[in-house]
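*Asks:* Structure file upload-v9.txt, compact mmCIF, C-alpha atoms, is pasted below:
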```txt
# COMPACT_ATOMS: atom_id res chain seq x y z
CA MET O 157 0.00 0.00 0.00
CA LYS O 158 1.49 3.30 -1.04
CA SER O 159 0.87 6.22 1.23
CA THR O 160 -0.58 9.39 -0.18
CA ILE O 161 2.09 11.39 1.68
CA PHE O 162 4.45 10.70 -1.23
CA GLN O 163 4.28 7.94 -3.83
CA SER O 164 7.75 6.68 -2.92
CA MET O 165 6.74 5.86 0.66
CA GLU O 166 5.53 2.42 1.81
CA GLN O 167 3.30 1.53 4.70
CA THR O 168 3.90 -1.43 6.97
CA PHE O 169 2.08 -3.01 9.89
CA ILE O 170 3.25 -4.00 13.35
CA ILE O 171 1.72 -5.49 16.49
CA LEU O 172 3.26 -4.70 19.85
CA LYS O 173 2.52 -8.03 21.49
CA PRO O 174 1.28 -8.72 25.03
CA SER O 175 4.88 -9.33 26.16
CA THR O 176 5.64 -5.71 25.21
CA ILE O 177 2.59 -4.43 27.07
CA GLN O 178 3.24 -6.54 30.18
CA ARG O 179 6.90 -5.55 30.38
CA GLY O 180 6.28 -1.83 29.89
CA LEU O 181 8.33 -1.62 26.69
CA VAL O 182 5.80 0.15 24.46
CA GLY O 183 7.46 3.56 24.68
CA GLN O 184 10.93 2.17 23.97
CA VAL O 185 9.77 0.31 20.87
CA ILE O 186 7.77 3.22 19.45
CA ASP O 187 10.67 5.56 20.21
CA ARG O 188 12.99 3.45 18.03
CA PHE O 189 10.66 3.72 15.05
CA GLN O 190 10.22 7.45 15.48
CA LYS O 191 13.96 8.05 15.92
CA LYS O 192 14.54 6.12 12.70
CA GLY O 193 12.23 8.57 10.92
CA LEU O 194 9.21 6.33 10.36
CA ILE O 195 5.85 8.09 10.48
CA ILE O 196 3.01 6.67 12.58
CA THR O 197 -0.05 6.81 10.32
CA GLY O 198 -2.27 4.59 12.47
CA ILE O 199 -2.14 3.39 16.07
CA LYS O 200 -4.63 1.84 18.46
CA MET O 201 -4.93 -0.58 21.36
CA MET O 202 -7.20 -3.56 20.91
CA GLN O 203 -7.97 -6.95 22.40
CA LEU O 204 -7.38 -9.71 19.86
CA ASP O 205 -9.75 -12.66 19.73
CA GLU O 206 -9.37 -16.16 18.35
CA LYS O 207 -11.17 -15.32 15.09
CA ILE O 208 -8.78 -12.55 14.03
CA LEU O 209 -5.75 -14.52 15.24
CA ARG O 210 -6.76 -17.58 13.21
CA GLU O 211 -7.00 -15.31 10.15
CA HIS O 212 -3.76 -13.49 10.89
CA TYR O 213 -1.78 -16.64 11.71
CA ALA O 214 -3.55 -18.98 9.25
CA HIS O 215 -0.16 -20.28 8.09
CA LEU O 216 0.59 -21.51 11.63
CA ILE O 217 -2.73 -23.13 12.62
CA GLU O 218 -1.44 -26.69 12.11
CA ARG O 219 1.76 -26.10 14.07
CA PRO O 220 1.90 -27.71 17.55
CA PHE O 221 2.60 -24.37 19.25
CA PHE O 222 -0.52 -22.66 17.84
CA PRO O 223 -2.63 -23.05 21.03
CA ASP O 224 0.19 -21.42 23.03
CA LEU O 225 0.39 -18.64 20.43
CA LEU O 226 -3.34 -17.99 20.82
CA ARG O 227 -3.06 -17.83 24.62
CA SER O 228 -0.06 -15.55 24.40
CA MET O 229 -1.61 -13.13 21.91
CA MET O 230 -4.86 -12.86 23.91
CA ALA O 231 -3.18 -12.42 27.32
CA THR O 232 -3.55 -8.62 27.24
CA PRO O 233 -4.56 -6.02 24.70
CA VAL O 234 -2.01 -5.28 21.98
CA ILE O 235 -1.07 -2.12 20.16
CA VAL O 236 -1.35 -2.22 16.39
CA MET O 237 0.41 0.36 14.27
CA CYS O 238 0.76 1.41 10.67
CA LEU O 239 4.13 2.99 9.91
CA CYS O 240 5.10 4.88 6.78
CA GLY O 241 8.50 5.56 5.25
CA LYS O 242 10.85 4.84 2.39
CA ASP O 243 11.22 1.03 2.17
CA ALA O 244 9.24 0.79 5.42
CA VAL O 245 8.69 -2.99 5.31
CA GLU O 246 12.38 -3.77 4.89
CA VAL O 247 13.47 -1.12 7.41
CA VAL O 248 11.07 -2.34 10.11
CA ARG O 249 11.96 -6.01 9.52
CA SER O 250 15.64 -5.13 9.87
CA MET O 251 14.98 -3.20 13.08
CA THR O 252 12.86 -6.05 14.48
CA GLY O 253 15.45 -8.84 14.25
CA ALA O 254 15.16 -12.62 14.19
CA THR O 255 11.92 -14.19 15.46
CA ASN O 256 13.71 -16.00 18.28
CA CYS O 257 14.95 -13.18 20.49
CA ARG O 258 17.93 -15.24 21.70
CA LYS O 259 19.15 -15.37 18.09
CA ALA O 260 18.33 -11.78 17.21
CA ALA O 261 21.29 -9.48 16.68
CA PRO O 262 22.16 -6.90 19.33
CA GLY O 263 20.80 -3.53 18.30
CA THR O 264 17.53 -5.00 17.02
CA ILE O 265 14.30 -4.70 19.00
CA ARG O 266 14.16 -8.42 19.74
CA GLY O 267 17.91 -8.66 20.27
CA ASP O 268 17.89 -5.89 22.86
CA LEU O 269 14.53 -6.42 24.56
CA GLY O 270 13.62 -10.11 24.38
CA MET O 271 14.71 -13.60 25.39
CA SER O 272 11.93 -15.80 23.98
CA GLY O 273 11.03 -17.38 20.68
CA GLN O 274 7.31 -16.89 21.29
CA GLU O 275 7.15 -13.90 23.64
CA ASN O 276 9.10 -12.00 21.03
CA ILE O 277 7.91 -8.41 21.51
CA ILE O 278 6.63 -7.57 18.03
CA HIS O 279 5.05 -8.75 14.81
CA ALA O 280 6.09 -6.97 11.60
CA SER O 281 4.77 -7.44 8.07
CA ASP O 282 7.12 -9.53 5.94
CA SER O 283 6.26 -8.03 2.54
CA VAL O 284 4.58 -5.03 1.00
CA GLU O 285 1.70 -7.27 -0.12
CA ASN O 286 1.17 -8.70 3.37
CA ALA O 287 1.40 -5.21 4.89
CA VAL O 288 -1.60 -4.17 2.78
CA ILE O 289 -3.56 -7.26 3.88
CA GLU O 290 -2.64 -6.79 7.55
CA ILE O 291 -3.36 -3.05 7.62
CA ASN O 292 -6.78 -3.73 6.10
CA ARG O 293 -7.39 -6.55 8.59
CA PHE O 294 -6.74 -4.41 11.67
CA PHE O 295 -7.66 -0.88 10.59
CA ARG O 296 -10.64 0.76 8.98
CA HIS O 297 -9.78 3.15 6.15
CA GLU O 298 -10.61 6.21 8.26
CA GLU O 299 -8.16 5.10 10.99
CA ILE O 300 -5.14 5.60 8.72
CA PHE O 301 -3.96 9.20 8.47
CA THR O 302 -1.75 10.99 6.01
CA TYR O 303 0.28 14.00 7.07
CA ARG O 304 3.73 15.41 6.59
CA PRO O 305 5.72 15.79 9.82
CA LEU O 306 7.77 18.97 10.20
CA THR O 307 10.89 16.80 10.40
CA PHE O 308 10.24 15.16 7.01
CA THR O 309 12.73 17.22 5.01
CA ALA O 310 15.39 16.62 7.66
CA THR O 311 14.75 12.86 7.42
CA TYR O 312 14.83 12.44 3.64
CA SER O 313 16.79 14.12 0.88
CA PRO O 314 14.78 15.72 -1.95
CA ASP O 315 15.67 12.90 -4.38
CA GLU O 316 14.10 10.31 -2.05
CA ILE O 317 10.64 11.85 -2.07
CA ASP O 318 8.17 12.50 -4.87
```
Using the file provided, produce a representation of the structure as structure tokens.
*Replies:*
Amino acid sequence: MKSTIFQSMEQTFIILKPSTIQRGLVGQVIDRFQKKGLIITGIKMMQLDEKILREHYAHLIERPFFPDLLRSMMATPVIVMCLCGKDAVEVVRSMTGATNCRKAAPGTIRGDLGMSGQENIIHASDSVENAVIEINRFFRHEEIFTYRPLTFTATYSPDEID
């Protein structure tokens, strides 16, 4: 999904998981994205239910750990976010780190803030196509905003924006 801020910008989707909420890490994680220069275009807290989790994690339903994943993701509300920026999907995936926090590189969100394979702080879209699907799954159209932060021209050079 291309943002209407500028055609060259992508949108991506993240979930700050219950482990992030329970450990009081929400501010630290959001701060990293903002310091990187990503723009928050949608954010809300919500309680996930089994129906939306079965849709979101359809590729994992047959895995033996799926019941634990359901319990984990419904333990507390989560925060869902839409972020916008140049190559946003790739940038956020790089910042997130390996799924198993013990194997995630230092400097990544999971590498610095987690120790678990399942209680791994964050979900991030793995492709531009999946970002569109996930944003549409968790947000209504009117919950995604377009605006140009005052810091935009200090974040990007003129040749990086349309």
*Asks:* Just want the 10 Å neighbourhood of Arg249 (chain O), counted on only C-alpha atoms, with same-chain residues fewer than 4 positions away dropped. Output as a PyMOL selection string.
*Replies:* chain O and resi 168+170+244-245+253-254+264-265+279-283
*Asks:* Write out as a list in words which residues come within 6 Å of region 188-197 of chain O when counting all atoms listed in the file, dropping same-chain ones fewer than 6 positions away.
*Replies:* Cys238, Leu239, Cys240, Gly241, Ile300 and Phe301 of chain O
*Asks:* Once 6 Å is added on each side, what are the centre and the three edge lengths, in Å to one decimal, of the axis-aligned box enclosing the listed atoms of region 262-270 of chain O? Present them as AutoDock Vina command-line options.
*Replies:*
```
--center_x 17.9 --center_y -6.8 --center_z 20.8 --size_x 20.5 --size_y 18.6 --size_z 19.5
```
*Asks:* Could you please determine the separation between CA of Ala214 (chain O) and CA of Gly180 (chain O) in Å, to one decimal place?
*Replies:*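 Interatomic distance here is 28.6 Å.
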*Asks:* Quick one: residues within 7 Å of Asn276 (chain O), all atoms listed in the file counted, chain neighbours fewer than 2 positions away excluded, as a PyMOL selection string?
*Replies:* chain O and resi 255-257+266+270+272-274+278
*Asks:* Nearest residue to Lys207 (chain O) out of O:Val248, O:Phe169, O:Arg179, O:Arg293, using only C-alpha atoms?
*Replies:*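 Comparing O:Val248, O:Phe169, O:Arg179, O:Arg293 against Lys207 (chain O), the winner is O:Arg293.
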*Asks:* Quick one: of O:Gln203, O:Thr252, O:Ser175, O:Gln184, who's nearest to Ile277 (chain O), counting all atoms listed in the file?
*Replies:*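 Going through O:Gln203, O:Thr252, O:Ser175, O:Gln184 one by one, the smallest distance to Ile277 (chain O) is for O:Ser175.
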*Asks:* Tell me which of O:Leu172, O:Val247, O:Leu225, O:Met237 sits closest to Ile291 (chain O), counting all atoms listed in the file.
*Replies:*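 Checking each candidate against Ile291 (chain O), we get O:Met237 as the closest.
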*Asks:* Have a look at O:Asn292, O:Thr311, O:Thr232, O:Thr302 and name the one nearest to Lys173 (chain O); count all atoms listed in the file.
*Replies:* O:Thr232
